[in-house]
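Asks: Coordinates in protein30.cif, mmCIF, C-alpha atoms, are listed below.
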data_input
loop_
_atom_site.label_atom_id
_atom_site.label_comp_id
_atom_site.auth_asym_id
_atom_site.auth_seq_id
_atom_site.Cartn_x
_atom_site.Cartn_y
_atom_site.Cartn_z
CA MET A 1 109.56 21.79 197.09
CA ALA A 2 112.18 24.53 196.94
CA GLY A 3 112.28 26.53 193.74
CA VAL A 4 108.71 25.77 192.77
CA VAL A 5 106.76 28.90 191.84
CA ARG A 6 103.09 28.74 192.80
CA ARG A 7 100.94 30.26 190.11
CA LYS A 8 97.58 31.84 190.71
CA ALA A 9 94.63 29.94 189.39
CA PRO A 10 93.16 31.48 186.21
CA GLY A 11 89.81 31.78 187.95
CA GLN A 12 91.24 34.26 190.46
CA HIS A 13 92.20 36.72 187.73
CA SER A 14 88.85 36.41 186.00
CA HIS A 15 87.03 36.97 189.29
CA LEU A 16 89.05 40.13 189.97
CA TRP A 17 88.45 41.46 186.47
CA ALA A 18 84.75 40.71 186.82
CA LYS A 19 84.58 42.74 190.03
CA LEU A 20 86.47 45.63 188.44
CA ARG A 21 84.23 45.51 185.38
CA THR A 22 81.14 45.58 187.57
CA LEU A 23 82.56 48.49 189.53
CA TRP A 24 83.21 50.45 186.35
CA GLN A 25 79.77 49.71 184.95
CA GLU A 26 78.12 50.84 188.19
CA LYS A 27 80.39 53.82 188.84
CA HIS A 28 77.39 56.15 188.76
CA LEU A 29 75.77 54.07 191.52
CA ILE A 30 78.73 53.93 193.91
CA LEU A 31 77.30 56.71 196.07
CA PHE A 32 73.82 55.17 196.11
CA LYS A 33 74.23 51.40 196.56
CA PRO A 34 74.96 50.24 200.15
CA GLU A 35 77.14 47.47 198.69
CA TYR A 36 79.82 50.14 198.13
CA THR A 37 79.73 51.41 201.72
CA LEU A 38 83.19 50.07 202.60
CA MET A 39 84.90 51.76 199.66
CA VAL A 40 83.22 55.13 200.25
CA VAL A 41 83.74 55.25 204.01
CA SER A 42 87.39 54.24 203.61
CA LEU A 43 88.02 57.27 201.42
CA LEU A 44 86.07 59.54 203.78
CA TRP A 45 88.01 58.25 206.78
CA LEU A 46 91.32 59.09 205.10
CA LEU A 47 89.94 62.54 204.25
CA GLU A 48 88.97 63.00 207.88
CA ILE A 49 92.62 62.69 208.95
CA GLY A 50 93.45 65.80 206.97
CA ILE A 51 90.33 67.63 208.12
CA ASN A 52 91.13 67.05 211.79
CA VAL A 53 94.71 68.21 211.37
CA TRP A 54 93.47 71.33 209.57
CA VAL A 55 90.90 72.09 212.27
CA ILE A 56 93.45 71.68 215.07
CA GLN A 57 96.02 73.87 213.31
CA LYS A 58 93.73 76.58 211.96
CA VAL A 59 90.73 76.88 214.31
CA ALA A 60 91.19 78.33 217.78
CA TYR A 61 90.76 76.01 220.75
CA THR A 62 88.03 77.07 223.18
CA GLU A 63 88.41 76.29 226.89
CA ILE A 64 85.19 75.06 228.46
CA ASP A 65 85.60 71.95 230.62
CA TRP A 66 89.13 70.63 230.03
CA LYS A 67 90.72 72.64 232.85
CA ALA A 68 87.88 71.62 235.18
CA TYR A 69 88.47 67.97 234.27
CA MET A 70 92.16 68.33 235.07
CA ASP A 71 91.43 70.04 238.40
CA GLU A 72 89.03 67.26 239.35
CA VAL A 73 91.42 64.39 238.62
CA GLU A 74 94.29 66.32 240.20
CA GLY A 75 92.32 66.24 243.44
CA VAL A 76 92.20 62.44 243.22
CA ILE A 77 95.91 62.28 242.40
CA ASN A 78 96.58 64.37 245.51
CA GLY A 79 94.72 61.83 247.67
CA THR A 80 91.13 63.12 247.85
CA TYR A 81 88.61 60.30 247.39
CA ASP A 82 85.55 62.03 248.80
CA TYR A 83 83.47 62.98 245.75
CA LYS A 84 81.94 65.89 247.63
CA GLU A 85 85.38 67.48 247.86
CA LEU A 86 86.37 67.04 244.21
CA LYS A 87 85.73 70.23 242.24
CA GLY A 88 86.82 72.13 239.17
CA ASP A 89 86.28 75.60 237.73
CA THR A 90 82.80 74.69 236.53
CA GLY A 91 81.62 73.02 239.74
CA PRO A 92 81.77 69.64 241.50
CA LEU A 93 82.77 66.36 239.86
CA VAL A 94 79.57 64.80 238.44
CA TYR A 95 80.95 61.86 236.42
CA PRO A 96 81.50 58.23 237.48
CA ALA A 97 84.87 56.73 238.36
CA GLY A 98 85.78 55.55 234.86
CA PHE A 99 86.01 59.20 233.86
CA VAL A 100 88.51 59.79 236.66
CA TYR A 101 90.83 56.98 235.56
CA ILE A 102 90.77 57.84 231.85
CA PHE A 103 91.28 61.55 232.38
CA THR A 104 93.99 60.87 234.95
CA ALA A 105 95.86 59.08 232.17
CA LEU A 106 95.27 62.08 229.90
CA TYR A 107 96.45 64.35 232.72
CA TYR A 108 99.85 62.66 232.79
CA VAL A 109 100.19 62.25 229.01
CA THR A 110 99.49 65.97 228.45
CA SER A 111 101.95 67.21 231.08
CA HIS A 112 99.36 67.76 233.83
CA GLY A 113 96.81 68.96 231.29
CA VAL A 114 98.97 71.84 230.07
CA ASN A 115 99.80 70.48 226.61
CA ILE A 116 96.50 71.32 224.96
CA ARG A 117 97.74 70.68 221.42
CA LEU A 118 98.68 67.11 222.29
CA ALA A 119 95.29 66.64 223.93
CA GLN A 120 93.63 67.82 220.73
CA TYR A 121 95.50 65.26 218.67
CA LEU A 122 94.57 62.55 221.15
CA PHE A 123 90.93 63.51 220.77
CA ALA A 124 91.37 63.53 217.00
CA ALA A 125 92.50 59.90 217.38
CA PHE A 126 89.39 59.23 219.48
CA TYR A 127 87.32 60.76 216.69
CA LEU A 128 88.91 58.61 214.00
CA ILE A 129 88.52 55.44 216.06
CA THR A 130 84.88 56.32 216.69
CA LEU A 131 84.35 56.76 212.94
CA LEU A 132 85.91 53.35 212.27
CA LEU A 133 83.53 51.74 214.75
CA VAL A 134 80.52 53.63 213.37
CA PHE A 135 81.41 52.87 209.75
CA ARG A 136 81.84 49.20 210.62
CA ILE A 137 78.28 49.13 211.96
CA TYR A 138 76.94 50.78 208.80
CA ASN A 139 78.96 48.43 206.59
CA ARG A 140 77.57 45.41 208.45
CA THR A 141 73.97 46.59 208.24
CA LYS A 142 74.07 48.15 204.75
CA LYS A 143 71.02 50.21 205.58
CA VAL A 144 72.16 53.65 204.38
CA PRO A 145 73.32 54.78 200.90
CA PRO A 146 77.02 55.73 200.91
CA TYR A 147 76.57 59.39 199.91
CA VAL A 148 75.00 60.02 203.34
CA PHE A 149 78.29 59.30 205.09
CA PHE A 150 79.66 62.61 203.88
CA PHE A 151 77.16 64.23 206.24
CA VAL A 152 78.11 61.77 209.01
CA CYS A 153 81.67 63.02 209.11
CA CYS A 154 83.04 65.81 206.95
CA ALA A 155 80.07 68.18 207.02
CA SER A 156 79.43 68.56 210.77
CA TYR A 157 81.20 71.53 212.33
CA ARG A 158 79.66 70.89 215.75
CA ILE A 159 80.93 67.31 216.02
CA HIS A 160 84.48 68.26 215.10
CA SER A 161 84.26 71.05 217.64
CA ILE A 162 83.05 68.71 220.41
CA PHE A 163 85.96 66.36 219.80
CA VAL A 164 89.03 68.44 218.97
CA LEU A 165 88.17 72.03 219.93
CA ARG A 166 86.35 71.46 223.24
CA LEU A 167 87.80 68.13 224.52
CA PHE A 168 84.57 67.05 226.24
CA ASN A 169 84.27 63.65 227.93
CA ASP A 170 81.16 62.76 225.89
CA PRO A 171 83.21 61.50 222.89
CA VAL A 172 85.15 59.10 225.11
CA ALA A 173 81.93 57.57 226.41
CA MET A 174 80.52 57.24 222.88
CA LEU A 175 83.72 55.65 221.56
CA LEU A 176 83.36 52.89 224.15
CA LEU A 177 79.63 52.60 223.43
CA PHE A 178 80.18 52.01 219.70
CA GLY A 179 82.91 49.53 220.59
CA ALA A 180 80.37 47.62 222.67
CA ILE A 181 77.82 47.61 219.83
CA ASN A 182 80.44 46.16 217.47
CA LEU A 183 81.09 43.40 219.99
CA PHE A 184 77.36 42.67 220.19
CA LEU A 185 77.20 42.39 216.39
CA ASP A 186 80.10 39.91 216.50
CA GLY A 187 78.31 37.81 219.12
CA HIS A 188 80.63 38.73 222.00
CA TRP A 189 77.79 39.58 224.36
CA THR A 190 79.64 39.22 227.67
CA LEU A 191 82.63 41.27 226.56
CA GLY A 192 80.29 43.78 224.97
CA CYS A 193 78.41 44.19 228.26
CA GLY A 194 81.73 44.82 229.99
CA VAL A 195 82.71 47.54 227.50
CA TYR A 196 79.20 49.01 227.73
CA SER A 197 79.61 49.29 231.51
CA LEU A 198 82.95 51.04 230.99
CA ALA A 199 81.15 53.55 228.75
CA VAL A 200 78.58 54.18 231.50
CA SER A 201 81.46 54.75 233.92
CA VAL A 202 82.66 57.67 231.80
CA LYS A 203 79.31 59.43 231.47
CA MET A 204 75.82 58.45 232.55
CA ASN A 205 74.15 59.35 229.25
CA VAL A 206 75.06 55.88 227.92
CA LEU A 207 72.27 54.56 230.17
CA LEU A 208 69.85 55.79 227.50
CA PHE A 209 70.86 52.68 225.54
CA ALA A 210 70.13 50.43 228.56
CA PRO A 211 66.43 49.71 227.86
CA GLY A 212 67.28 48.55 224.36
CA LEU A 213 70.20 46.46 225.58
CA LEU A 214 68.08 44.83 228.29
CA PHE A 215 65.43 44.00 225.69
CA LEU A 216 68.05 42.39 223.45
CA LEU A 217 69.61 40.38 226.26
CA LEU A 218 66.25 39.04 227.41
CA SER A 219 65.28 38.20 223.82
CA GLU A 220 68.60 36.54 223.11
CA PHE A 221 69.31 34.67 226.35
CA GLY A 222 66.19 34.70 228.51
CA LEU A 223 66.01 35.94 232.08
CA ILE A 224 68.28 33.39 233.77
CA LYS A 225 71.22 33.79 231.36
CA THR A 226 70.81 37.56 231.28
CA ILE A 227 71.42 37.91 235.03
CA PRO A 228 75.20 37.10 234.87
CA LYS A 229 75.68 39.76 232.20
CA LEU A 230 73.84 42.37 234.25
CA THR A 231 75.89 41.28 237.26
CA LEU A 232 79.06 41.86 235.26
CA CYS A 233 77.94 45.40 234.41
CA ALA A 234 77.21 46.12 238.07
CA ALA A 235 80.46 44.52 239.26
CA ILE A 236 82.51 46.74 236.94
CA GLN A 237 80.79 49.84 238.32
CA LEU A 238 81.43 48.64 241.87
CA LEU A 239 85.07 47.84 241.22
CA LEU A 240 85.80 51.15 239.49
CA GLY A 241 84.02 53.15 242.18
CA LEU A 242 85.38 51.19 245.13
CA PRO A 243 88.01 53.72 246.33
CA PHE A 244 85.36 56.45 246.37
CA LEU A 245 82.63 54.23 247.80
CA LEU A 246 84.87 53.29 250.72
CA GLU A 247 85.54 56.96 251.47
CA ASN A 248 82.00 58.36 251.11
CA PRO A 249 79.44 56.04 249.45
CA LEU A 250 76.58 58.53 249.45
CA GLY A 251 78.84 61.30 248.19
CA TYR A 252 79.96 59.12 245.28
CA MET A 253 76.48 57.91 244.32
CA ASN A 254 74.96 61.39 244.56
CA GLY A 255 77.79 62.94 242.58
CA ALA A 256 78.39 60.31 239.89
CA PHE A 257 74.79 59.16 239.33
CA ASP A 258 72.64 62.15 240.18
CA LEU A 259 69.51 61.58 238.09
CA GLY A 260 67.84 64.68 239.53
CA ARG A 261 70.56 67.18 238.68
CA GLN A 262 69.12 70.54 237.66
CA PHE A 263 70.19 72.01 234.32
CA MET A 264 70.58 75.70 233.59
CA PHE A 265 68.04 77.23 231.22
CA LYS A 266 70.61 79.37 229.43
CA TRP A 267 72.36 76.30 227.99
CA THR A 268 69.32 74.38 226.76
CA VAL A 269 69.18 73.52 223.08
CA ASN A 270 65.78 71.82 223.03
CA TRP A 271 63.46 73.77 225.36
CA ARG A 272 64.22 77.43 224.60
CA PHE A 273 60.60 78.14 223.65
CA LEU A 274 59.39 77.32 227.18
CA PRO A 275 59.22 79.85 230.03
CA GLU A 276 62.08 79.28 232.46
CA TRP A 277 59.77 78.46 235.39
CA LEU A 278 58.26 75.59 233.42
CA PHE A 279 61.67 74.36 232.29
CA LEU A 280 62.73 74.14 235.96
CA SER A 281 59.45 72.61 237.15
CA ARG A 282 59.64 69.14 238.72
CA SER A 283 56.15 68.42 237.40
CA PHE A 284 57.40 69.03 233.87
CA HIS A 285 60.34 66.69 234.51
CA LEU A 286 57.98 63.95 235.73
CA LEU A 287 55.81 64.44 232.66
CA LEU A 288 58.83 63.97 230.39
CA LEU A 289 59.91 60.88 232.32
CA SER A 290 56.41 59.40 232.02
CA ALA A 291 56.32 60.10 228.28
CA HIS A 292 59.79 58.56 227.92
CA LEU A 293 58.81 55.34 229.70
CA LEU A 294 55.49 55.07 227.87
CA THR A 295 57.15 55.49 224.47
CA LEU A 296 59.76 52.85 225.33
CA LEU A 297 56.97 50.47 226.33
CA LEU A 298 55.03 51.07 223.12
CA PHE A 299 58.10 50.43 220.97
CA ALA A 300 58.97 47.33 223.01
CA LEU A 301 55.51 45.90 222.34
CA GLN A 302 56.24 46.01 218.61
CA GLN A 303 59.04 43.45 219.09
CA ASN A 304 59.96 43.50 215.40
CA ALA A 305 62.98 45.80 215.21
CA PRO A 306 66.47 44.51 214.25
CA LEU A 307 69.40 44.52 216.73
CA VAL A 308 71.10 47.84 215.90
CA LEU A 309 67.80 49.71 215.50
CA ILE A 310 66.67 48.67 219.00
CA LEU A 311 69.76 50.21 220.58
CA PHE A 312 69.74 53.37 218.48
CA ALA A 313 65.99 53.90 218.93
CA SER A 314 66.26 53.41 222.69
CA ASN A 315 68.83 56.20 222.89
CA PHE A 316 66.90 58.42 220.47
CA ILE A 317 63.70 58.16 222.49
CA GLY A 318 65.65 59.27 225.54
CA MET A 319 66.97 62.26 223.63
CA CYS A 320 63.45 63.22 222.49
CA PHE A 321 62.21 63.43 226.07
CA SER A 322 65.37 64.79 227.71
CA ARG A 323 64.93 67.48 230.38
CA SER A 324 67.63 69.47 228.61
CA LEU A 325 70.15 69.01 225.85
CA HIS A 326 73.43 70.92 225.93
CA TYR A 327 75.58 71.49 222.87
CA GLN A 328 78.07 68.70 223.58
CA PHE A 329 75.19 66.23 223.91
CA TYR A 330 74.84 66.25 220.11
CA VAL A 331 77.45 63.52 219.94
CA TRP A 332 75.13 61.23 221.93
CA TYR A 333 73.07 60.50 218.82
CA PHE A 334 74.67 62.24 215.85
CA HIS A 335 76.23 59.13 214.33
CA THR A 336 72.98 57.16 214.68
CA LEU A 337 70.73 59.66 212.89
CA PRO A 338 71.19 58.34 209.31
CA PHE A 339 70.47 54.79 210.44
CA LEU A 340 67.29 55.93 212.19
CA LEU A 341 66.16 58.00 209.21
CA TRP A 342 66.73 55.22 206.69
CA SER A 343 65.03 52.67 208.97
CA GLY A 344 61.72 54.53 209.01
CA GLY A 345 58.51 53.13 207.60
CA VAL A 346 57.18 56.14 205.71
CA GLU A 347 57.78 55.45 202.03
CA LYS A 348 57.19 59.08 201.11
CA LEU A 349 60.03 60.14 203.42
CA ALA A 350 62.17 60.65 200.33
CA PRO A 351 65.97 60.90 200.47
CA LEU A 352 65.78 64.67 199.97
CA LEU A 353 63.47 65.00 202.98
CA ARG A 354 65.77 62.80 205.04
CA LEU A 355 68.71 65.03 204.15
CA LEU A 356 66.61 68.10 204.98
CA ILE A 357 65.92 66.66 208.44
CA LEU A 358 69.64 66.00 208.95
CA GLY A 359 70.37 69.57 207.88
CA LEU A 360 67.74 71.09 210.19
CA ILE A 361 69.04 69.06 213.12
CA GLU A 362 72.59 70.20 212.39
CA LEU A 363 71.40 73.82 212.11
CA SER A 364 69.53 73.57 215.41
CA TRP A 365 72.62 72.31 217.22
CA ASN A 366 74.79 74.99 215.61
CA THR A 367 72.51 77.89 216.58
CA TYR A 368 74.13 79.62 219.55
CA PRO A 369 72.52 80.73 221.67
CA SER A 370 69.52 78.58 220.91
CA THR A 371 66.29 80.32 219.92
CA GLU A 372 62.63 79.46 220.13
CA TYR A 373 62.72 78.59 216.43
CA SER A 374 65.82 76.38 216.62
CA SER A 375 64.39 74.44 219.56
CA ALA A 376 61.01 74.06 217.85
CA ALA A 377 62.70 72.87 214.64
CA LEU A 378 64.66 70.28 216.59
CA HIS A 379 61.50 68.90 218.20
CA ALA A 380 59.70 68.86 214.84
CA CYS A 381 62.51 66.79 213.32
CA HIS A 382 62.47 64.45 216.31
CA LEU A 383 58.73 64.00 215.99
CA VAL A 384 58.90 63.13 212.29
CA MET A 385 61.66 60.61 212.97
CA LEU A 386 59.81 59.08 215.90
CA LEU A 387 56.62 58.62 213.87
CA SER A 388 58.62 57.19 210.99
CA LEU A 389 60.26 54.64 213.30
CA TRP A 390 56.89 53.69 214.73
CA LEU A 391 55.67 52.92 211.21
CA ALA A 392 58.79 50.95 210.32
CA PRO A 393 57.95 47.77 208.38
CA GLU A 394 58.62 44.23 209.55
CA PRO A 395 62.34 43.60 208.91
CA VAL A 396 63.42 41.05 206.35
CA PRO A 397 65.43 38.22 208.03
CA SER A 398 69.15 38.59 207.47
CA PRO A 399 72.07 36.22 208.04
CA ALA A 400 73.13 35.89 211.65
CA PRO A 401 76.29 37.69 212.72
CA THR A 402 79.40 35.81 213.77
CA PRO A 403 78.41 32.89 216.04
CA THR A 404 78.36 33.98 219.65
CA GLN A 405 81.38 33.35 221.82
CA ASP A 406 79.18 33.11 224.92
CA GLN A 407 78.69 29.51 225.90
CA GLY A 408 75.11 28.39 226.00
CA ALA A 409 73.72 31.27 223.94
CA PRO A 410 70.75 30.36 221.75
CA GLN A 411 71.74 29.65 218.17
CA LYS A 412 69.07 31.52 216.25
CA ASP A 413 69.05 34.05 213.46
CA LYS A 414 69.74 37.56 214.65
CA GLN A 415 68.73 40.69 212.78
CA LEU A 416 71.19 43.48 212.22
#
Can the structure from this file be put into structure tokens for me?
Replies:
Amino acid sequence: MAGVVRRKAPGQHSHLWAKLRTLWQEKHLILFKPEYTLMVVSLLWLLEIGINVWVIQKVAYTEIDWKAYMDEVEGVINGTYDYKELKGDTGPLVYPAGFVYIFTALYYVTSHGVNIRLAQYLFAAFYLITLLLVFRIYNRTKKVPPYVFFFVCCASYRIHSIFVLRLFNDPVAMLLLFGAINLFLDGHWTLGCGVYSLAVSVKMNVLLFAPGLLFLLLSEFGLIKTIPKLTLCAAIQLLLGLPFLLENPLGYMNGAFDLGRQFMFKWTVNWRFLPEWLFLSRSFHLLLLSAHLLTLLLFALQQNAPLVLILFASNFIGMCFSRSLHYQFYVWYFHTLPFLLWSGGVEKLAPLLRLLILGLIELSWNTYPSTEYSSAALHACHLVMLLSLWLAPEPVPSPAPTPTQDQGAPQKDKQL
């Protein structure tokens, strides 16, 4: 009826006061209890807005690949669809078609790539969206104490540099990847596979998550129901690459998905302590590939890891056995490191040691040029983390995420 004022039930006020009282009583635990993740990351995210503005305004932009990206997409805009003919200042175009479409949009928005400051703010937006997606994963899983998130965002110079001072394409791929993982957690497996394929179309490194994703799909749906999802991923790649495939199919496949591309020794972060001839050796590359596949198989045989850990560990194993890691590749696994460290099975891996490992990894990626010691330290940290993950305990069953939107999916408890 009109004029009737609806009053709040007394229980609502008492419940609110109870929560506030609990918060005050546990104020000294806010940074340590995962239950307060949402509150802490919300404050850090707001702080990150100011940090990104400060970095853009006060720290000099460094040109590395942005102009090359713009030259490459400009060739497509001018009507060249043969991948062998698309080049920039740093060499030929080596990214799949999704990269071309996204950076074509950025080309127009930034006045043909000339408005660098606007591009920096766009990448700052990409950074903040990525943080939202990452923080949502951590809030859902509640695996990591909130104080660690300071090191996930505010404390990393290299990550801010990759996003807003270098404008690499790696952050765009990872933004889409974390979007896909959020969709998986919500049960939107088909849509998540579509977004995952879009991430692959920006940069091929996202394929490092593929073994873990395949394992999850087979576990969740079985072989028959997994095939349509894999078909969707392939169809998206085909559709995006169609203009280039029609022009020169071999040129596109060799350019966009060149698994044998040789890396330059001077840029390596992880193998500086090797002689250059060994770094360039095909035998060494085959050894790394064999170790990579064997480690994936051993972890798959455990079959006891929760959903998010399977994806993050799959990518991490690929990083451990990578033929070379360049500085911008840090963003491939940076945001997953705390989850991996706090998922390990070594009880004596105390919080201080975990933070030390994070610090050593950050130091290794910030040492330019890399040294024998920085590369060795990086591998030592990777080894400790890998062994810790191998010894991870059997997970405690947790409530299933939002019921799947995919028709016919098995209704069983899923681990986060």
Asks: Out of A:Ile64, A:Val269, A:Val114, A:Ala125, which residue has the shortest atom-to-atom distance to Pro369 (chain A) when counting only C-alpha atoms?
Replies: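 Among A:Ile64, A:Val269, A:Val114, A:Ala125, it is A:Val269 that comes nearest to Pro369 (chain A).
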Asks: Would you kindly return, as a ChimeraX atom specification, each protein, DNA or RNA residue with an atom no farther than 10 Å from any atom of region 75-83 of chain A, considering only C-alpha atoms and excluding same-chain residues fewer than 6 positions away?
Replies: /A:92-97,100-101,104,107,241-256
Asks: Could you give me, as a list of chain:residue names, the residues within 12 Å of Phe284 (chain A), counting all atoms listed in the file and dropping anything in the same chain fewer than 5 positions from it?
Replies: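 Those residues are A:Trp271, A:Leu274, A:Pro275, A:Glu276, A:Trp277, A:Leu278, A:Phe279, A:Leu289, A:Ser290, A:Ala291, A:Phe321, A:Ser322, A:Arg323, A:Ser324.
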Asks: Of the candidates A:His188, A:Gly179, A:Leu378, A:Tyr121, which one gets nearest to Asn366 (chain A) if we count all atoms listed in the file?
Replies: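 Using all atoms listed in the file, the shortest distance to Asn366 (chain A) belongs to A:Leu378.
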Asks: Taking the file as I've supplied it (selection: the PyMOL selection byres ((chain A and resi 354) around 12)), which residues are included? Please answer as an NGL selection string.
Replies: :A and (144-145 or 148 or 151 or 337-344 or 346-353 or 355-361 or 381-382 or 384-385 or 388)
Asks: With distances taken over all atoms listed in the file, which residue among A:Phe316, A:Tyr373, A:Phe135, A:Phe263 lies nearest Val206 (chain A)?
Replies: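 Closest to Val206 (chain A) of all the choices is A:Phe316.
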Asks: May I ask for the distance between CA of Leu183 (chain A) and CA of Phe123 (chain A), given in Å to one decimal place?
Replies: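 So the two atoms, CA of Leu183 (chain A) and CA of Phe123 (chain A), lie 22.4 Å apart.
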Asks: Mind telling me what the PyMOL selection byres ((chain A and resi 152) around 12) catches here, as a ChimeraX atom specification?
Replies: /A:41,44-45,48,130-132,134-135,138,144-151,153-160,331,333-339,355,358-359,362
Asks: Store the residues picked out above, limited to C-alpha atoms, as a PDB file, in the coordinates of the input.
Replies:
ATOM      1  CA  VAL A  41      83.740  55.250 204.010  1.00  0.00           C
ATOM      2  CA  LEU A  44      86.070  59.540 203.780  1.00  0.00           C
ATOM      3  CA  TRP A  45      88.010  58.250 206.780  1.00  0.00           C
ATOM      4  CA  GLU A  48      88.970  63.000 207.880  1.00  0.00           C
ATOM      5  CA  THR A 130      84.880  56.320 216.690  1.00  0.00           C
ATOM      6  CA  LEU A 131      84.350  56.760 212.940  1.00  0.00           C
ATOM      7  CA  LEU A 132      85.910  53.350 212.270  1.00  0.00           C
ATOM      8  CA  VAL A 134      80.520  53.630 213.370  1.00  0.00           C
ATOM      9  CA  PHE A 135      81.410  52.870 209.750  1.00  0.00           C
ATOM     10  CA  TYR A 138      76.940  50.780 208.800  1.00  0.00           C
ATOM     11  CA  VAL A 144      72.160  53.650 204.380  1.00  0.00           C
ATOM     12  CA  PRO A 145      73.320  54.780 200.900  1.00  0.00           C
ATOM     13  CA  PRO A 146      77.020  55.730 200.910  1.00  0.00           C
ATOM     14  CA  TYR A 147      76.570  59.390 199.910  1.00  0.00           C
ATOM     15  CA  VAL A 148      75.000  60.020 203.340  1.00  0.00           C
ATOM     16  CA  PHE A 149      78.290  59.300 205.090  1.00  0.00           C
ATOM     17  CA  PHE A 150      79.660  62.610 203.880  1.00  0.00           C
ATOM     18  CA  PHE A 151      77.160  64.230 206.240  1.00  0.00           C
ATOM     19  CA  CYS A 153      81.670  63.020 209.110  1.00  0.00           C
ATOM     20  CA  CYS A 154      83.040  65.810 206.950  1.00  0.00           C
ATOM     21  CA  ALA A 155      80.070  68.180 207.020  1.00  0.00           C
ATOM     22  CA  SER A 156      79.430  68.560 210.770  1.00  0.00           C
ATOM     23  CA  TYR A 157      81.200  71.530 212.330  1.00  0.00           C
ATOM     24  CA  ARG A 158      79.660  70.890 215.750  1.00  0.00           C
ATOM     25  CA  ILE A 159      80.930  67.310 216.020  1.00  0.00           C
ATOM     26  CA  HIS A 160      84.480  68.260 215.100  1.00  0.00           C
ATOM     27  CA  VAL A 331      77.450  63.520 219.940  1.00  0.00           C
ATOM     28  CA  TYR A 333      73.070  60.500 218.820  1.00  0.00           C
ATOM     29  CA  PHE A 334      74.670  62.240 215.850  1.00  0.00           C
ATOM     30  CA  HIS A 335      76.230  59.130 214.330  1.00  0.00           C
ATOM     31  CA  THR A 336      72.980  57.160 214.680  1.00  0.00           C
ATOM     32  CA  LEU A 337      70.730  59.660 212.890  1.00  0.00           C
ATOM     33  CA  PRO A 338      71.190  58.340 209.310  1.00  0.00           C
ATOM     34  CA  PHE A 339      70.470  54.790 210.440  1.00  0.00           C
ATOM     35  CA  LEU A 355      68.710  65.030 204.150  1.00  0.00           C
ATOM     36  CA  LEU A 358      69.640  66.000 208.950  1.00  0.00           C
ATOM     37  CA  GLY A 359      70.370  69.570 207.880  1.00  0.00           C
ATOM     38  CA  GLU A 362      72.590  70.200 212.390  1.00  0.00           C
TER      39      GLU A 362
END
Asks: Name the closest residue to Leu311 (chain A) among the candidates A:Tyr330, A:Phe209, A:Phe168, A:Phe215; distances are taken between atoms, counting all atoms listed in the file.
Replies: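 Distance minimum relative to Leu311 (chain A) lands on A:Phe209.
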Asks: Looking at A:Phe163, A:Glu74, A:Gly318, A:Val308, which one is nearest to Phe184 (chain A), with distances taken over all atoms listed in the file?
Replies: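 Closest candidate: A:Val308.
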Asks: Do you have the CA of Tyr61 (chain A)-CA of Leu118 (chain A) distance handy?
Replies: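 Between these atoms lies a distance of 12.0 Å.
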Asks: I would like the residues chosen by the PyMOL selection byres ((chain A and resi 166) around 12) on the shown file; could you give them as number ranges by chain?
Replies: A: 55-56, 59-67, 69, 116-117, 119-121, 123-124, 158-165, 167-171, 327-328
Asks: Using only C-alpha atoms, which residues sit within 12 Å of Leu232 (chain A) once same-chain residues fewer than 3 positions away are excluded, as a ChimeraX atom specification?
Replies: /A:189-198,225-229,235-239
Asks: Please report the interatomic distance between CA of Ala180 (chain A) and CA of Gly98 (chain A) in Å with one decimal.
Replies: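 Separation of CA of Ala180 (chain A) and CA of Gly98 (chain A): 15.5 Å.
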Asks: My list of candidates is A:Tyr36, A:Phe103, A:Phe126, A:Phe178. Which is closest to Ile49 (chain A) when distances are computed with all atoms listed in the file?
Replies: A:Phe126
